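Peer 1: I have a structure I would like to understand better, so I am pasting it below and will then ask my questions one at a time.
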Amino acid sequence: MTQTTLLTCPIRGPLTVARLAKDGLTVSEEAHRIDFIKFLLNRGYDKRNIEVETIIIKNLGESGRNKLRSDVIVYNCNVSDLAGTTIDKKLKKICLVAEIKRESSKKTSGINNQLKPALMQLPNMDVLGVYWDDVSRLLFAKELKEKDGEKYIAIIEDSLESLPKANQKYKSKPIRWDDLRPAENLVSILFNVANIMRSHGVNDEQLRYKETVKLILARYCDERAAKSSKTKELSLQVLKGADGTFSSRVETIYEASARRYSKAKTLFHPFKESELDDRTLRDCVKLIQGIRFTDASNEAMQQVFMSFVPTVFKKNLDQFFTPQSLIKTMVHMVDIGPNDNICDPAMGTADFLTAALEYRTNEGDDDIVQRLFGADVDEKAYDLAIVNMILHKDGQSNLKHIDTINKHDLWAKEIDVALCNPPFGAKSLEKRTSTLLNYELGHIWNQSNDGSWQKSDDVRDAQQLGILFIERCVKMLPVGGRLAIILPEGYLCTSSYGYVRTWILENLRILSLVELPRRIFTKSDADLRSNILVAQKLSPKELKKAVENDYPIHSEIVRKVGYKLGQGFTNEVKRDPYTGIELRNEDNSPIIDSDFEGIRERFTKFTEKFKWNEALEQQPLPDSSWLGAKVSDVLQHPNLDLKPRRLTPKALINKKNIIKEKPIRLGDIATIVTDTIDLSEYTSDDFNLVEGIDIRAVEGIVSPQFPQKGWEIIEKKSKNAFRIRKHDIIIGLVRPERRNIGISLDDSSNVIGTPDGIAIVRIKDEFKEKYPLGWVFERLRSEESRLQFWTESGGTSYGKLTNDHIRNVFLRNDSQQEIATISKNVNDWLEAYEKIYSVWNKIGTVNDRTPIINSPIFGLEPIDFE
């Protein structure tokens with residue numbers, strides 16, 4: 001829904017006004033006005049009695065030129081009955097006036113300069129006033145008071161919840177559970193609460209935010225108590241008058257909150273009660289007293305958690321951050337049922353558990369809080385998890401501050417669904433032999449000559465926690481249990497981790513593999529490419545049968561995650577492709593630009609097609625209509641490669657389309673150069689280095705770098721180097737998806753490349769006539785080859801090719817006529833470019849033509865004066 005979407009008013013019908021203001025971010029005043037009108041209609045007010053944006057009093061002030069305009073007026077009769085009547089008669093029929101503002105920053109002015117003057121000018125004593133903005137919703141009434149023997153009219157403030165229903169008289173009354181309204185713009189409201197504290201002299205931001213969170217928890221207890229009581233009255237409210245029982249009511253609720261949420265020690269230490277003075281606390285309560293906090297959405301509470309809790313705990317939550325879109329996708333894919341126990345053994349701040357809580361609560365699951373389990377070895381993470389769970393309406397889940405890797409048998413076969421984003425990387429290690437002994441993946445695995453892996457009896461000196469948590473999760477699952485875990489790509493494709501993939505395939509049925517972009521997390525190495533593995537634990541007999549059936553695997557790639565990668569996690573929203581305007585839904589919430597929603601939809605279709613969550617004999621077998629991956633696509637790979645991109649339908653279709661045409665394997669007709677020179681023998685010689693970045697990906701021209709001494713290249717790159725000949729085909733090893741394939745046109749003897757950055761392809765002499773250079777070059781640069789290079793490349797950061805990847809790429813077997821045509825076109829291009837290159841070398845000096853890369857002082861070196 002774009003900003004150009006127009007509003008419809010219940011009174012005036014379709015309008016030429018958008019829901020969003022001109023800034024494209026905040027709700028327009030007109031939208032607030034319509035929301036208020038709907039509020040009135042829900043209270044039983046007749047829309048025929050409502051008039052919008054009307055001048056109610058003229059000729060104000062000494063000049064008589066001022067006018068008083070009201071945004072909404074409610075009469076005690078139909079507006080049509082007042083046609084032709086005088087202003088004075090109309091004023092006597094008014095029972096309510098309202099002032100609507102777009103932002104709370106205009107609250108004071110709107111109340112004092114517009115709403116209160118309007119009420120004072122209206123003749124009826126029972127007329128009411130309403131103020132409404134993005135945060136505040138207040139009711140005002142007239143009251144006759146006496147001072148020094150003289151009576152006067154005062155304007156009193158009340159909660160909007162005291163607004164009487166249509167045809168009823170106003171009477172200030174305590175707010176009841178049924179009077180509460182849904183929480184809108186909750187974070188802004190809570191920031192206003194903190195600002196009230198600051199205006200009252202509470203200058204410590206940590207204390208302000210701590211008291212804000214405590215107020216939320218007290219409110220949770222208050223709402224639960226009110227909902228179940230006979231009177232249904234809230235304790236956290238300021239009653240009309242002096243309200244002498246305010247302090248005792250609040251103290252009782254805070255004490256109940258401290259008992260209920262006793263695990264949140266940081267919040268309730270050293271004071272269980274509020275640390276605010278009576279006046280400050282009253283003003284804070286006034287702001288939130290009409291809001292139902294227990295109805296707040298998971299997204300709203302997550303925003304509250306990220307906004308307020310870091311300051312309270314003096315902890316940056318970036319290291320724990322996992323995007324909600326990713327979490328919801330994983331929770332969706334494991335198909336949590338009404339009797340399932342859910343656990344995260346490395347819970348961090350418990351974001352998976354809060355998402356599972358919301359997921360099941362939305363399904364009407366009223367005892368989900370009893371089936372949530374989690375643990376973390378880090379005490380600070382445990383404290384944060386407790387508060388996060390509390391904010392999501394449950395603080396007493398089965399959370400533990402323990403080392404679940406060491407406690408390897410905790411919850412054994414008791415958990416139906418395991419969700420985990422474990423610490424991974426070379427820095428997160430388990431070194432205790434007594435602990436590693438309890439894990440198959442804690443042992444040394446040996447690889448046989450045929451490439452298979454077998455576990456030995458010997459225990460490793462150390463093992464990465466990320467690997468151990470795979471097995472730790474599976475230990476918790478009974479047969480039929482499901483696992484969704486985030487893993488670095490290296491575990492799924494790198495040769496050295498082949499034993500990990502062997503263990504996974506021997507113990508789990510793989511349901512889905514989803515590739516995530518680099519830098520999606522900062523809790524470990526921020527540059528790692530991560531993946532989601534979703535799997536199901538089967539009995540050995542069932543797993544064997546599933547493999548015999550060649551079970552299907554869902555596989556996808558994510559690039560848009562809903563926020564900017566790296567620090568900050570700023571949301572990225574969808575935009576209108578023509579205007580660039582941010583897209584928003586009917587609730588004015590930005591529509592996050594993410595691939596996860598589509599993945600959830602497609603995985604649901606996958607589940608409906610193959611019914612993996614039903615008995616094995618009831619699951620359909622993959623047939624020719626299934627174009628996605630099957631387990632055989634993994635088991636038949638020499639490296640048991642589990643990379644999601646290799647198993648996506650398009651990658652598999654691309655490979656199958658080539659193979660069915662009896663393709664040519666590059667390694668059969670060409671040599672991948674392995675001979676190098678030792679630069680340590682040429683330390684003072686000048687060389688022009690070629691790296692992947694020196695291949696112009698658009699047309700495939702290689703532009704060697706400026707001359708460097710041999711010792712410089714040794715220091716920066718490697719002491720071994722290839723000598724590059726004219727018309728060598730150069731392949732950049734890193735980021736193969738970019739089509740970094742070029743032809744060298746330089747015939748000098750000092751052009752080199754290092755094995756860590758490039759590979760050199762030379763056609764074997766016996767095949768040069770049948771498969772000429774131009775054809776091989778064009779085929780390697782084709783989309784078919786690019787996809788093969790990209791999907792086969794490995795690594796945990798950028799994809800990187802090996803010589804075997806390049807040797808094993810398949811080239812389409814064209815006819816001799818097609819080969820001749822392609823070769824001629826490439827040769828014509830090479831001839832034309834060589835002419836250009838020759839002319840270029842006549843322009844200016846060598847210094848003028850020298851490419852400069854990352855050399856800010858090149859050409860401005862110091863000069864020694866004699």
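By order of appearance in the structure tokens: chains A, B, ..., then residues from 1 within every chain, and ligands from 1 in the order shown.
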Could you build a table of the residues in range 151-193 of chain A lying no more than 10 Å from range 238-246 of chain A, giving for each the nearest pair of atoms and their separation in Å rounded to one decimal place, using only C-alpha atoms, ordered by chain and ascending residue number, as CSV?
Peer 2:
residue,atom,partner,partner_atom,distance
A:Ile156,CA,A:Lys240,CA,9.2
A:Glu157,CA,A:Lys240,CA,8.8
A:Asp158,CA,A:Lys240,CA,7.5
A:Ser159,CA,A:Val238,CA,9.0
A:Ser172,CA,A:Lys240,CA,6.9
A:Lys173,CA,A:Leu239,CA,7.7
A:Pro174,CA,A:Leu239,CA,6.4
A:Ile175,CA,A:Leu239,CA,8.6
Peer 1: Env of range 835-845 of chain A: 12 Å cut, atoms = only C-alpha atoms, seq-sep filter 5 positions within chain, self excluded. Answer as a PyMOL selection string.
Peer 2: chain A and resi 701-703+744-747+828-830+850
Peer 1: For Ile100 in chain A, work out the shell of residues within 10 Å, counting only C-alpha atoms and skipping chain neighbours fewer than 2 positions away, then give it as a ChimeraX atom specification.
Peer 2: /A:29-34,36,53,70-72,98,102-104,106-107,110-111,115,130-134,137
Peer 1: Store the residues of this selection in a file with N, CA, C and O atoms, as a short mmCIF file (atom, residue, chain, number, x, y, z; two decimals), in the first residue's frame.
Peer 2:
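Final output, part_13.cif:
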data_model
loop_
_atom_site.label_atom_id
_atom_site.label_comp_id
_atom_site.auth_asym_id
_atom_site.auth_seq_id
_atom_site.Cartn_x
_atom_site.Cartn_y
_atom_site.Cartn_z
N GLU A 29 -2.75 13.66 9.82
CA GLU A 29 -3.77 14.11 10.77
C GLU A 29 -5.14 13.61 10.35
O GLU A 29 -5.98 13.27 11.19
N GLU A 30 -5.39 13.56 9.07
CA GLU A 30 -6.68 13.09 8.58
C GLU A 30 -6.91 11.63 8.96
O GLU A 30 -8.02 11.22 9.33
N ALA A 31 -5.84 10.83 8.89
CA ALA A 31 -5.97 9.42 9.27
C ALA A 31 -6.29 9.29 10.76
O ALA A 31 -7.10 8.45 11.16
N HIS A 32 -5.65 10.12 11.60
CA HIS A 32 -5.97 10.12 13.03
C HIS A 32 -7.43 10.52 13.26
O HIS A 32 -8.12 9.98 14.13
N ARG A 33 -7.90 11.49 12.48
CA ARG A 33 -9.28 11.94 12.63
C ARG A 33 -10.25 10.79 12.31
O ARG A 33 -11.24 10.59 13.02
N ILE A 34 -9.95 10.05 11.26
CA ILE A 34 -10.81 8.92 10.89
C ILE A 34 -10.77 7.84 11.98
O ILE A 34 -11.80 7.25 12.33
N PHE A 36 -10.35 8.32 15.11
CA PHE A 36 -11.16 8.80 16.24
C PHE A 36 -12.65 8.66 15.93
O PHE A 36 -13.44 8.28 16.80
N GLU A 53 -14.33 18.93 10.99
CA GLU A 53 -13.57 20.15 10.68
C GLU A 53 -14.49 21.34 10.42
O GLU A 53 -14.68 21.81 9.30
N SER A 70 -12.95 23.32 15.13
CA SER A 70 -12.86 22.03 15.80
C SER A 70 -12.75 20.93 14.76
O SER A 70 -13.42 20.96 13.73
N ASP A 71 -11.86 19.94 15.04
CA ASP A 71 -11.64 18.86 14.08
C ASP A 71 -12.85 17.95 13.96
O ASP A 71 -13.20 17.51 12.87
N VAL A 72 -13.48 17.64 15.10
CA VAL A 72 -14.67 16.78 15.09
C VAL A 72 -15.66 17.34 16.11
O VAL A 72 -15.28 17.71 17.22
N ALA A 98 -13.56 17.73 19.54
CA ALA A 98 -12.28 17.01 19.58
C ALA A 98 -11.22 17.77 18.81
O ALA A 98 -11.50 18.37 17.76
N ARG A 102 -1.35 15.46 14.56
CA ARG A 102 -0.57 14.37 13.95
C ARG A 102 0.50 13.86 14.89
O ARG A 102 0.78 12.67 14.94
N GLU A 103 1.13 14.77 15.65
CA GLU A 103 2.25 14.38 16.51
C GLU A 103 2.02 14.90 17.92
O GLU A 103 1.42 15.96 18.14
N SER A 104 2.55 14.16 18.90
CA SER A 104 2.38 14.53 20.31
C SER A 104 3.14 15.79 20.67
O SER A 104 2.88 16.38 21.73
N LYS A 106 2.73 18.58 19.57
CA LYS A 106 1.80 19.71 19.54
C LYS A 106 0.69 19.57 20.59
O LYS A 106 -0.30 20.30 20.56
N LYS A 107 0.88 18.65 21.51
CA LYS A 107 -0.15 18.35 22.50
C LYS A 107 -0.48 19.57 23.36
O LYS A 107 -1.65 19.96 23.49
N GLY A 110 -2.24 22.32 21.41
CA GLY A 110 -3.57 21.91 20.98
C GLY A 110 -4.58 21.93 22.12
O GLY A 110 -5.74 22.33 21.93
N ILE A 111 -4.13 21.53 23.31
CA ILE A 111 -5.04 21.50 24.46
C ILE A 111 -5.30 22.90 24.98
O ILE A 111 -6.46 23.31 25.18
N LEU A 115 -8.45 23.36 22.33
CA LEU A 115 -9.51 22.55 22.92
C LEU A 115 -10.13 23.22 24.14
O LEU A 115 -11.36 23.36 24.24
N VAL A 130 -12.16 16.09 23.64
CA VAL A 130 -11.22 14.98 23.46
C VAL A 130 -9.99 15.50 22.74
O VAL A 130 -10.09 16.24 21.75
N TYR A 131 -8.83 15.09 23.27
CA TYR A 131 -7.57 15.35 22.56
C TYR A 131 -7.00 14.01 22.10
O TYR A 131 -6.95 13.04 22.88
N TRP A 132 -6.53 13.96 20.83
CA TRP A 132 -6.11 12.68 20.23
C TRP A 132 -4.90 12.95 19.33
O TRP A 132 -4.96 13.77 18.42
N ASP A 133 -3.78 12.23 19.59
CA ASP A 133 -2.63 12.29 18.68
C ASP A 133 -2.01 10.90 18.59
O ASP A 133 -2.63 9.90 18.97
N ASP A 134 -0.78 10.82 18.10
CA ASP A 134 -0.16 9.51 17.89
C ASP A 134 0.20 8.80 19.18
O ASP A 134 0.46 7.60 19.19
N ARG A 137 -4.28 10.20 24.25
CA ARG A 137 -5.72 10.23 24.04
C ARG A 137 -6.36 10.60 25.37
O ARG A 137 -6.35 9.80 26.31
#
Peer 1: Taking the backbone alone, and naming residues the way the document does, which bits of range 518-739 of chain A are strand (DSSP E) by DSSP, as an MDAnalysis selection string?
Peer 2: chainID A and resid 530:537 552:557 629:630 664:665 670:672 677:678 686:690 695:696 701:702 708:709 720:723 729:732
Peer 1: Can you pull out the residues contacting range 538-546 of chain A? Cut-off 10 Å, using only C-alpha atoms, and skip same-chain residues under 4 positions away; I want them as a count of residues only.
Peer 2: 20
Peer 1: Write out as a PyMOL selection string all residues of range 314-481 of chain A that backbone DSSP assigns to alpha helix (DSSP H).
Peer 2: chain A and resi 324-333+351-361+379-391+433-436+465-476
Peer 1: Select, from A:Leu635, A:Ile806, A:Asn740, A:Leu640, the residue with the minimum atom-to-atom distance to Ile672 in chain A, counting only C-alpha atoms.
Peer 2: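 For Ile672 in chain A, the nearest of the candidates is A:Ile806.
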Peer 1: Pick the closest to Lys380 in chain A from A:Ile758, A:Leu139, A:Val312, A:Val202: which is it, counting only C-alpha atoms?
Peer 2: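 The shortest atom-to-atom distance to Lys380 in chain A comes from A:Val312.
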Peer 1: Tell me, in Å to one decimal, how far CA of His392 in chain A is from CA of Met301 in chain A.
Peer 2: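 According to the coordinates, CA of His392 in chain A and CA of Met301 in chain A are separated by 6.3 Å.
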Peer 1: I'd like the contact shell of Asp46 in chain A - 10 Å cut-off, only C-alpha atoms, skipping same-chain residues fewer than 5 positions apart - returned as a list in words.
Peer 2: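 Answer for this query is Leu40, Leu41, Val74, Tyr75, Asn76, Cys77, Asn78, Ala166 and Asn167 of chain A.
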Peer 1: Would you save the residues from that selection as a CSV table (one decimal), in the first residue's frame, using N, CA, C and O atoms?
Peer 2:
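In the end it all went to out32.csv:
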chain,number,residue,atom,x,y,z
A,40,LEU,N,-15.5,6.7,18.0
A,40,LEU,CA,-16.8,7.2,18.5
A,40,LEU,C,-18.0,6.2,18.0
A,40,LEU,O,-18.9,5.9,18.8
A,41,LEU,N,-17.9,5.8,16.8
A,41,LEU,CA,-18.9,4.9,16.3
A,41,LEU,C,-19.0,3.6,17.1
A,41,LEU,O,-20.0,3.0,17.3
A,74,VAL,N,-19.6,16.5,17.8
A,74,VAL,CA,-20.7,15.6,18.0
A,74,VAL,C,-21.9,16.4,18.6
A,74,VAL,O,-21.7,17.1,19.6
A,75,TYR,N,-23.0,16.4,17.9
A,75,TYR,CA,-24.2,17.0,18.4
A,75,TYR,C,-25.2,16.0,19.0
A,75,TYR,O,-25.0,14.8,18.9
A,76,ASN,N,-26.1,16.5,19.8
A,76,ASN,CA,-27.1,15.6,20.4
A,76,ASN,C,-28.3,15.4,19.5
A,76,ASN,O,-29.4,15.0,19.9
A,77,CYS,N,-28.1,15.8,18.2
A,77,CYS,CA,-29.2,15.6,17.2
A,77,CYS,C,-28.5,15.4,15.9
A,77,CYS,O,-27.3,15.6,15.8
A,78,ASN,N,-29.3,15.1,14.9
A,78,ASN,CA,-28.7,14.9,13.5
A,78,ASN,C,-28.2,16.3,13.0
A,78,ASN,O,-28.9,17.3,13.2
A,166,ALA,N,-22.8,6.7,23.8
A,166,ALA,CA,-23.8,7.6,23.3
A,166,ALA,C,-25.1,7.7,24.2
A,166,ALA,O,-25.5,6.7,24.7
A,167,ASN,N,-25.5,8.9,24.4
A,167,ASN,CA,-26.8,9.2,25.2
A,167,ASN,C,-26.6,8.9,26.7
A,167,ASN,O,-27.6,8.8,27.4
Peer 1: Identify, on the basis of only C-alpha atoms, every residue whose closest approach to Thr8 in chain A does not exceed 12 Å; exclude the query and any residue fewer than 3 positions from it along the same chain; express the result as a ChimeraX atom specification.
Peer 2: /A:5,11-19,30-31,33-35,37-38,586
Peer 1: Take the residues that were just selected and, keeping N, CA and C atoms, output them as a compact mmCIF listing (two decimals), in the first residue's frame.
Peer 2:
# COMPACT_ATOMS: atom_id res chain seq x y z
N THR A 5 -2.33 5.81 -1.72
CA THR A 5 -3.61 5.21 -1.37
C THR A 5 -4.44 6.21 -0.57
N ILE A 11 -17.84 9.29 7.66
CA ILE A 11 -18.80 10.41 7.59
C ILE A 11 -18.84 10.99 6.19
N ARG A 12 -17.67 11.24 5.62
CA ARG A 12 -17.60 11.98 4.34
C ARG A 12 -17.35 11.11 3.13
N GLY A 13 -17.08 9.81 3.34
CA GLY A 13 -16.82 8.92 2.22
C GLY A 13 -15.39 9.03 1.73
N PRO A 14 -15.13 8.66 0.45
CA PRO A 14 -13.76 8.70 -0.10
C PRO A 14 -13.18 10.11 -0.07
N LEU A 15 -11.90 10.20 0.32
CA LEU A 15 -11.21 11.48 0.40
C LEU A 15 -10.04 11.52 -0.59
N THR A 16 -9.54 12.69 -0.81
CA THR A 16 -8.36 12.86 -1.67
C THR A 16 -7.12 13.05 -0.81
N VAL A 17 -7.08 12.36 0.30
CA VAL A 17 -6.00 12.50 1.27
C VAL A 17 -5.41 11.12 1.52
N ALA A 18 -4.08 11.05 1.66
CA ALA A 18 -3.40 9.79 1.92
C ALA A 18 -3.31 9.51 3.41
N ARG A 19 -3.09 8.25 3.76
CA ARG A 19 -2.95 7.88 5.16
C ARG A 19 -1.66 8.43 5.75
N GLU A 30 -5.39 13.56 9.07
CA GLU A 30 -6.68 13.09 8.58
C GLU A 30 -6.91 11.63 8.96
N ALA A 31 -5.84 10.83 8.89
CA ALA A 31 -5.97 9.42 9.27
C ALA A 31 -6.29 9.29 10.76
N ARG A 33 -7.90 11.49 12.48
CA ARG A 33 -9.28 11.94 12.63
C ARG A 33 -10.25 10.79 12.31
N ILE A 34 -9.95 10.05 11.26
CA ILE A 34 -10.81 8.92 10.89
C ILE A 34 -10.77 7.84 11.98
N ASP A 35 -9.59 7.58 12.53
CA ASP A 35 -9.49 6.60 13.62
C ASP A 35 -10.34 7.02 14.82
N ILE A 37 -13.03 8.95 14.70
CA ILE A 37 -14.44 8.81 14.34
C ILE A 37 -14.88 7.35 14.48
N LYS A 38 -14.01 6.43 14.07
CA LYS A 38 -14.33 5.01 14.23
C LYS A 38 -14.45 4.65 15.71
N GLU A 586 -2.11 -1.35 5.70
CA GLU A 586 -3.27 -0.58 6.15
C GLU A 586 -3.06 -0.01 7.56
